[in-house]
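Dumped model-v6.pdb below, it's PDB, N, CA, C and O atoms:
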ATOM      1  N   MET A   1     -40.271   9.771-212.737
ATOM      2  CA  MET A   1     -40.974   8.519-212.841
ATOM      3  C   MET A   1     -42.166   8.491-211.875
ATOM      4  O   MET A   1     -43.215   8.009-212.232
ATOM      5  N   LEU A   2     -42.023   9.003-210.668
ATOM      6  CA  LEU A   2     -43.127   9.009-209.723
ATOM      7  C   LEU A   2     -44.186  10.044-210.074
ATOM      8  O   LEU A   2     -45.279  10.011-209.533
ATOM      9  N   ARG A   3     -43.877  10.946-210.973
ATOM     10  CA  ARG A   3     -44.841  11.962-211.392
ATOM     11  C   ARG A   3     -45.452  11.645-212.747
ATOM     12  O   ARG A   3     -46.182  12.448-213.296
ATOM     13  N   ASN A   4     -45.180  10.472-213.276
ATOM     14  CA  ASN A   4     -45.715  10.060-214.566
ATOM     15  C   ASN A   4     -46.999   9.280-214.324
ATOM     16  O   ASN A   4     -46.982   8.209-213.714
ATOM     17  N   SER A   5     -48.124   9.810-214.807
ATOM     18  CA  SER A   5     -49.408   9.158-214.540
ATOM     19  C   SER A   5     -49.508   7.805-215.232
ATOM     20  O   SER A   5     -50.114   6.876-214.685
ATOM     21  N   THR A   6     -48.920   7.655-216.401
ATOM     22  CA  THR A   6     -48.950   6.370-217.095
ATOM     23  C   THR A   6     -48.186   5.316-216.303
ATOM     24  O   THR A   6     -48.643   4.175-216.168
ATOM     25  N   PHE A   7     -47.029   5.683-215.770
ATOM     26  CA  PHE A   7     -46.250   4.750-214.964
ATOM     27  C   PHE A   7     -47.028   4.302-213.734
ATOM     28  O   PHE A   7     -47.025   3.119-213.382
ATOM     29  N   SER A   8     -47.695   5.229-213.062
ATOM     30  CA  SER A   8     -48.420   4.863-211.844
ATOM     31  C   SER A   8     -49.572   3.910-212.146
ATOM     32  O   SER A   8     -49.799   2.960-211.399
ATOM     33  N   VAL A   9     -50.271   4.124-213.245
ATOM     34  CA  VAL A   9     -51.376   3.234-213.603
ATOM     35  C   VAL A   9     -50.849   1.843-213.944
ATOM     36  O   VAL A   9     -51.401   0.826-213.500
ATOM     37  N   ILE A  10     -49.762   1.769-214.720
ATOM     38  CA  ILE A  10     -49.189   0.474-215.085
ATOM     39  C   ILE A  10     -48.636  -0.234-213.852
ATOM     40  O   ILE A  10     -48.824  -1.449-213.684
ATOM     41  N   ALA A  11     -47.965   0.480-212.967
ATOM     42  CA  ALA A  11     -47.376  -0.132-211.771
ATOM     43  C   ALA A  11     -48.450  -0.686-210.846
ATOM     44  O   ALA A  11     -48.330  -1.813-210.348
ATOM     45  N   VAL A  12     -49.507   0.069-210.611
ATOM     46  CA  VAL A  12     -50.563  -0.397-209.715
ATOM     47  C   VAL A  12     -51.339  -1.550-210.356
ATOM     48  O   VAL A  12     -51.745  -2.493-209.669
ATOM     49  N   THR A  13     -51.514  -1.535-211.660
ATOM     50  CA  THR A  13     -52.173  -2.639-212.340
ATOM     51  C   THR A  13     -51.338  -3.914-212.260
ATOM     52  O   THR A  13     -51.873  -5.007-212.015
ATOM     53  N   ALA A  14     -50.034  -3.803-212.438
ATOM     54  CA  ALA A  14     -49.145  -4.966-212.312
ATOM     55  C   ALA A  14     -49.164  -5.489-210.878
ATOM     56  O   ALA A  14     -49.135  -6.703-210.645
ATOM     57  N   TYR A  15     -49.217  -4.592-209.913
ATOM     58  CA  TYR A  15     -49.304  -4.973-208.503
ATOM     59  C   TYR A  15     -50.594  -5.760-208.250
ATOM     60  O   TYR A  15     -50.579  -6.795-207.581
ATOM     61  N   LEU A  16     -51.703  -5.283-208.793
ATOM     62  CA  LEU A  16     -52.978  -5.972-208.632
ATOM     63  C   LEU A  16     -52.952  -7.346-209.292
ATOM     64  O   LEU A  16     -53.444  -8.318-208.728
ATOM     65  N   LEU A  17     -52.365  -7.437-210.458
ATOM     66  CA  LEU A  17     -52.268  -8.719-211.153
ATOM     67  C   LEU A  17     -51.428  -9.714-210.354
ATOM     68  O   LEU A  17     -51.822 -10.880-210.189
ATOM     69  N   SER A  18     -50.302  -9.270-209.832
ATOM     70  CA  SER A  18     -49.468 -10.167-209.031
ATOM     71  C   SER A  18     -50.172 -10.551-207.727
ATOM     72  O   SER A  18     -50.045 -11.686-207.261
ATOM     73  N   TYR A  19     -50.944  -9.642-207.160
ATOM     74  CA  TYR A  19     -51.724  -9.946-205.963
ATOM     75  C   TYR A  19     -52.736 -11.055-206.248
ATOM     76  O   TYR A  19     -52.874 -11.998-205.462
ATOM     77  N   CYS A  20     -53.432 -10.950-207.369
ATOM     78  CA  CYS A  20     -54.424 -11.972-207.729
ATOM     79  C   CYS A  20     -53.768 -13.330-207.980
ATOM     80  O   CYS A  20     -54.333 -14.367-207.623
ATOM     81  N   ILE A  21     -52.600 -13.329-208.575
ATOM     82  CA  ILE A  21     -51.889 -14.590-208.811
ATOM     83  C   ILE A  21     -51.436 -15.200-207.492
ATOM     84  O   ILE A  21     -51.567 -16.405-207.272
ATOM     85  N   LEU A  22     -50.921 -14.386-206.579
ATOM     86  CA  LEU A  22     -50.465 -14.896-205.284
ATOM     87  C   LEU A  22     -51.602 -15.458-204.441
ATOM     88  O   LEU A  22     -51.397 -16.360-203.636
ATOM     89  N   LEU A  23     -52.806 -14.938-204.618
ATOM     90  CA  LEU A  23     -53.946 -15.468-203.878
ATOM     91  C   LEU A  23     -54.256 -16.902-204.278
ATOM     92  O   LEU A  23     -54.775 -17.676-203.480
ATOM     93  N   GLN A  24     -53.950 -17.264-205.517
ATOM     94  CA  GLN A  24     -54.263 -18.600-205.997
ATOM     95  C   GLN A  24     -53.252 -19.646-205.535
ATOM     96  O   GLN A  24     -53.540 -20.837-205.569
ATOM     97  N   ILE A  25     -52.090 -19.219-205.114
ATOM     98  CA  ILE A  25     -51.043 -20.136-204.661
ATOM     99  C   ILE A  25     -51.095 -20.189-203.137
ATOM    100  O   ILE A  25     -50.906 -19.170-202.469
ATOM    101  N   GLU A  26     -51.338 -21.358-202.596
ATOM    102  CA  GLU A  26     -51.547 -21.476-201.149
ATOM    103  C   GLU A  26     -50.314 -21.122-200.322
ATOM    104  O   GLU A  26     -50.433 -20.582-199.230
ATOM    105  N   GLN A  27     -49.129 -21.385-200.825
ATOM    106  CA  GLN A  27     -47.920 -21.119-200.047
ATOM    107  C   GLN A  27     -47.610 -19.623-199.940
ATOM    108  O   GLN A  27     -46.818 -19.222-199.094
ATOM    109  N   THR A  28     -48.190 -18.803-200.797
ATOM    110  CA  THR A  28     -47.867 -17.373-200.786
ATOM    111  C   THR A  28     -49.027 -16.499-200.331
ATOM    112  O   THR A  28     -49.000 -15.294-200.537
ATOM    113  N   GLN A  29     -50.015 -17.084-199.693
ATOM    114  CA  GLN A  29     -51.153 -16.278-199.254
ATOM    115  C   GLN A  29     -50.771 -15.292-198.156
ATOM    116  O   GLN A  29     -51.368 -14.229-198.046
ATOM    117  N   TRP A  30     -49.762 -15.583-197.361
ATOM    118  CA  TRP A  30     -49.303 -14.642-196.331
ATOM    119  C   TRP A  30     -48.756 -13.368-196.981
ATOM    120  O   TRP A  30     -48.949 -12.269-196.473
ATOM    121  N   LEU A  31     -48.100 -13.536-198.132
ATOM    122  CA  LEU A  31     -47.586 -12.373-198.853
ATOM    123  C   LEU A  31     -48.729 -11.569-199.462
ATOM    124  O   LEU A  31     -48.703 -10.329-199.476
ATOM    125  N   ALA A  32     -49.752 -12.264-199.945
ATOM    126  CA  ALA A  32     -50.914 -11.584-200.518
ATOM    127  C   ALA A  32     -51.647 -10.761-199.463
ATOM    128  O   ALA A  32     -52.139  -9.671-199.757
ATOM    129  N   VAL A  33     -51.683 -11.251-198.242
ATOM    130  CA  VAL A  33     -52.327 -10.484-197.162
ATOM    131  C   VAL A  33     -51.553  -9.195-196.902
ATOM    132  O   VAL A  33     -52.139  -8.121-196.731
ATOM    133  N   ARG A  34     -50.254  -9.273-196.907
ATOM    134  CA  ARG A  34     -49.439  -8.055-196.720
ATOM    135  C   ARG A  34     -49.608  -7.093-197.891
ATOM    136  O   ARG A  34     -49.648  -5.872-197.696
ATOM    137  N   MET A  35     -49.688  -7.650-199.096
ATOM    138  CA  MET A  35     -49.915  -6.796-200.267
ATOM    139  C   MET A  35     -51.277  -6.119-200.181
ATOM    140  O   MET A  35     -51.426  -4.960-200.572
ATOM    141  N   PHE A  36     -52.271  -6.837-199.668
ATOM    142  CA  PHE A  36     -53.604  -6.274-199.501
ATOM    143  C   PHE A  36     -53.578  -5.081-198.547
ATOM    144  O   PHE A  36     -54.277  -4.086-198.766
ATOM    145  N   LEU A  37     -52.779  -5.161-197.497
ATOM    146  CA  LEU A  37     -52.695  -4.076-196.526
ATOM    147  C   LEU A  37     -52.015  -2.835-197.101
ATOM    148  O   LEU A  37     -52.314  -1.713-196.692
ATOM    149  N   ILE A  38     -51.112  -3.030-198.057
ATOM    150  CA  ILE A  38     -50.390  -1.912-198.679
ATOM    151  C   ILE A  38     -51.179  -1.304-199.842
ATOM    152  O   ILE A  38     -50.996  -0.137-200.183
ATOM    153  N   SER A  39     -52.089  -2.062-200.428
ATOM    154  CA  SER A  39     -52.764  -1.633-201.653
ATOM    155  C   SER A  39     -53.528  -0.305-201.550
ATOM    156  O   SER A  39     -53.526   0.454-202.526
ATOM    157  N   PRO A  40     -54.180   0.040-200.437
ATOM    158  CA  PRO A  40     -54.850   1.354-200.405
ATOM    159  C   PRO A  40     -53.878   2.525-200.611
ATOM    160  O   PRO A  40     -54.221   3.523-201.251
ATOM    161  N   LEU A  41     -52.677   2.401-200.082
ATOM    162  CA  LEU A  41     -51.691   3.472-200.279
ATOM    163  C   LEU A  41     -51.315   3.613-201.746
ATOM    164  O   LEU A  41     -51.154   4.730-202.254
ATOM    165  N   LEU A  42     -51.179   2.491-202.439
ATOM    166  CA  LEU A  42     -50.833   2.547-203.861
ATOM    167  C   LEU A  42     -51.959   3.144-204.694
ATOM    168  O   LEU A  42     -51.716   3.907-205.629
ATOM    169  N   VAL A  43     -53.194   2.808-204.354
ATOM    170  CA  VAL A  43     -54.327   3.366-205.093
ATOM    171  C   VAL A  43     -54.434   4.867-204.851
ATOM    172  O   VAL A  43     -54.684   5.645-205.783
ATOM    173  N   ILE A  44     -54.223   5.298-203.624
ATOM    174  CA  ILE A  44     -54.235   6.739-203.326
ATOM    175  C   ILE A  44     -53.135   7.445-204.090
ATOM    176  O   ILE A  44     -53.350   8.524-204.654
ATOM    177  N   TRP A  45     -51.927   6.850-204.142
ATOM    178  CA  TRP A  45     -50.821   7.435-204.901
ATOM    179  C   TRP A  45     -51.170   7.530-206.387
ATOM    180  O   TRP A  45     -50.919   8.555-207.028
ATOM    181  N   MET A  46     -51.792   6.478-206.936
ATOM    182  CA  MET A  46     -52.155   6.484-208.353
ATOM    183  C   MET A  46     -53.189   7.572-208.646
ATOM    184  O   MET A  46     -53.047   8.332-209.611
ATOM    185  N   VAL A  47     -54.206   7.667-207.828
ATOM    186  CA  VAL A  47     -55.245   8.678-208.042
ATOM    187  C   VAL A  47     -54.655  10.075-207.931
ATOM    188  O   VAL A  47     -54.933  10.952-208.763
ATOM    189  N   TYR A  48     -53.831  10.316-206.930
ATOM    190  CA  TYR A  48     -53.195  11.621-206.765
ATOM    191  C   TYR A  48     -52.329  11.968-207.979
ATOM    192  O   TYR A  48     -52.389  13.087-208.498
ATOM    193  N   THR A  49     -51.548  11.006-208.452
ATOM    194  CA  THR A  49     -50.669  11.252-209.590
ATOM    195  C   THR A  49     -51.456  11.557-210.851
ATOM    196  O   THR A  49     -51.121  12.482-211.599
ATOM    197  N   VAL A  50     -52.520  10.798-211.099
ATOM    198  CA  VAL A  50     -53.322  11.028-212.300
ATOM    199  C   VAL A  50     -54.024  12.383-212.234
ATOM    200  O   VAL A  50     -54.053  13.129-213.218
ATOM    201  N   LEU A  51     -54.568  12.721-211.081
ATOM    202  CA  LEU A  51     -55.273  14.002-210.970
ATOM    203  C   LEU A  51     -54.326  15.198-211.033
ATOM    204  O   LEU A  51     -54.654  16.233-211.608
ATOM    205  N   LYS A  52     -53.147  15.075-210.444
ATOM    206  CA  LYS A  52     -52.224  16.212-210.398
ATOM    207  C   LYS A  52     -51.393  16.359-211.671
ATOM    208  O   LYS A  52     -51.206  17.467-212.164
ATOM    209  N   TYR A  53     -50.887  15.243-212.214
ATOM    210  CA  TYR A  53     -49.953  15.322-213.326
ATOM    211  C   TYR A  53     -50.500  14.790-214.643
ATOM    212  O   TYR A  53     -49.822  14.850-215.656
ATOM    213  N   GLY A  54     -51.721  14.265-214.640
ATOM    214  CA  GLY A  54     -52.315  13.752-215.871
ATOM    215  C   GLY A  54     -52.623  14.883-216.843
ATOM    216  O   GLY A  54     -52.920  16.009-216.448
ATOM    217  N   VAL A  55     -52.570  14.572-218.120
ATOM    218  CA  VAL A  55     -52.817  15.569-219.158
ATOM    219  C   VAL A  55     -54.103  15.198-219.885
ATOM    220  O   VAL A  55     -54.247  14.081-220.388
ATOM    221  N   TYR A  56     -55.038  16.127-219.950
ATOM    222  CA  TYR A  56     -56.294  15.917-220.660
ATOM    223  C   TYR A  56     -56.092  16.230-222.130
ATOM    224  O   TYR A  56     -55.630  17.310-222.484
ATOM    225  N   THR A  57     -56.441  15.276-223.002
ATOM    226  CA  THR A  57     -56.213  15.471-224.437
ATOM    227  C   THR A  57     -57.501  15.672-225.215
ATOM    228  O   THR A  57     -57.465  15.775-226.436
ATOM    229  N   GLY A  58     -58.633  15.729-224.548
ATOM    230  CA  GLY A  58     -59.914  15.945-225.229
ATOM    231  C   GLY A  58     -60.108  17.414-225.583
ATOM    232  O   GLY A  58     -59.308  18.285-225.234
ATOM    233  N   ARG A  59     -61.203  17.702-226.263
ATOM    234  CA  ARG A  59     -61.460  19.097-226.650
ATOM    235  C   ARG A  59     -62.010  19.877-225.468
ATOM    236  O   ARG A  59     -62.641  19.314-224.572
ATOM    237  N   GLU A  60     -61.781  21.167-225.468
ATOM    238  CA  GLU A  60     -62.276  22.038-224.410
ATOM    239  C   GLU A  60     -63.723  22.432-224.712
ATOM    240  O   GLU A  60     -64.156  22.429-225.866
ATOM    241  N   LEU A  61     -64.468  22.765-223.674
ATOM    242  CA  LEU A  61     -65.849  23.184-223.859
ATOM    243  C   LEU A  61     -65.900  24.583-224.463
ATOM    244  O   LEU A  61     -65.091  25.451-224.134
ATOM    245  N   ALA A  62     -66.866  24.798-225.348
ATOM    246  CA  ALA A  62     -67.040  26.106-225.986
ATOM    247  C   ALA A  62     -67.771  27.047-225.031
ATOM    248  O   ALA A  62     -68.295  26.634-223.988
ATOM    249  N   GLU A  63     -67.825  28.301-225.394
ATOM    250  CA  GLU A  63     -68.507  29.326-224.605
ATOM    251  C   GLU A  63     -69.983  28.966-224.472
ATOM    252  O   GLU A  63     -70.666  28.716-225.457
ATOM    253  N   GLY A  64     -70.493  28.897-223.259
ATOM    254  CA  GLY A  64     -71.893  28.595-223.011
ATOM    255  C   GLY A  64     -72.239  27.116-223.121
ATOM    256  O   GLY A  64     -73.389  26.744-222.945
ATOM    257  N   GLU A  65     -71.281  26.288-223.425
ATOM    258  CA  GLU A  65     -71.538  24.856-223.555
ATOM    259  C   GLU A  65     -71.467  24.202-222.175
ATOM    260  O   GLU A  65     -70.595  24.508-221.387
ATOM    261  N   GLU A  66     -72.408  23.314-221.921
ATOM    262  CA  GLU A  66     -72.426  22.634-220.637
ATOM    263  C   GLU A  66     -71.616  21.352-220.719
ATOM    264  O   GLU A  66     -71.407  20.802-221.784
ATOM    265  N   TYR A  67     -71.211  20.881-219.555
ATOM    266  CA  TYR A  67     -70.455  19.630-219.491
ATOM    267  C   TYR A  67     -71.345  18.476-219.929
ATOM    268  O   TYR A  67     -72.505  18.388-219.583
ATOM    269  N   GLY A  68     -70.808  17.594-220.720
ATOM    270  CA  GLY A  68     -71.557  16.425-221.169
ATOM    271  C   GLY A  68     -70.638  15.454-221.877
ATOM    272  O   GLY A  68     -69.430  15.621-221.935
ATOM    273  N   TYR A  69     -71.233  14.423-222.420
ATOM    274  CA  TYR A  69     -70.469  13.426-223.131
ATOM    275  C   TYR A  69     -70.035  13.960-224.479
ATOM    276  O   TYR A  69     -70.786  14.650-225.163
ATOM    277  N   GLN A  70     -68.812  13.628-224.901
ATOM    278  CA  GLN A  70     -68.293  14.137-226.168
ATOM    279  C   GLN A  70     -68.886  13.424-227.368
ATOM    280  O   GLN A  70     -68.865  13.939-228.463
ATOM    281  N   ASP A  71     -69.431  12.230-227.189
ATOM    282  CA  ASP A  71     -69.982  11.505-228.318
ATOM    283  C   ASP A  71     -71.434  11.868-228.596
ATOM    284  O   ASP A  71     -72.022  11.410-229.551
ATOM    285  N   ARG A  72     -72.009  12.715-227.753
ATOM    286  CA  ARG A  72     -73.390  13.151-227.953
ATOM    287  C   ARG A  72     -73.431  14.265-229.001
ATOM    288  O   ARG A  72     -72.621  15.171-228.979
ATOM    289  N   GLN A  73     -74.384  14.209-229.872
ATOM    290  CA  GLN A  73     -74.509  15.245-230.916
ATOM    291  C   GLN A  73     -75.481  16.326-230.518
ATOM    292  O   GLN A  73     -76.439  16.190-229.929
TER     293      GLN A  73
END

How does this structure look as structure tokens?
Amino acid sequence: MLRNSTFSVIAVTAYLLSYCILLQIEQTQWLAVRMFLISPLLVIWMVYTVLKYGVYTGRELAEGEEYGYQDRQ
């Protein structure tokens, strides 16, 4: 589960959504501040997981082809 890039993206997105909701409620702003302090670690974990365990499903570059956008003709 910790090595699943889809799980990490969904978990960090849900964390961000709950953080934004807690900011709007005055009684829970102390919790939002603590969540803000933890958030860089979660983003680093998400980026690491996506880069290390993510699977690229696009086409590979041909011989002599330069990197570019796939929708360009």

Which residues come within 6 Å of Ala32 of chain A, counting all atoms listed in the file, excluding same-chain residues fewer than 3 positions away, as a VMD selection string? chain A and resid 19 22 to 23 28 to 29 35 to 37

Pairwise distance for atom CA of Ile44 of chain A and atom CA of Arg3 of chain A, rounded to one decimal in Å: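 Separation between atom CA of Ile44 of chain A and atom CA of Arg3 of chain A: 13.4 Å.
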
Residues of chain A in helix (DSSP H, G or I), written as a ChimeraX atom specification: /A:5-24,26-53

So what do you get for atom C of Thr49 of chain A versus atom CA of Phe7 of chain A, distance-wise?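 So the answer is 9.5 Å.
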
Which residue is closest to Ser18 of chain A? Choose from A:Thr6, A:Glu63, A:Leu31, A:Leu41 and count only C-alpha atoms.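 Looking at the shortest contact to Ser18 of chain A, the residue is A:Leu31.
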
Please, what distance in Å, to one decimal, runs between atom N of Ser5 of chain A and atom CA of Val50 of chain A? 5.9 Å
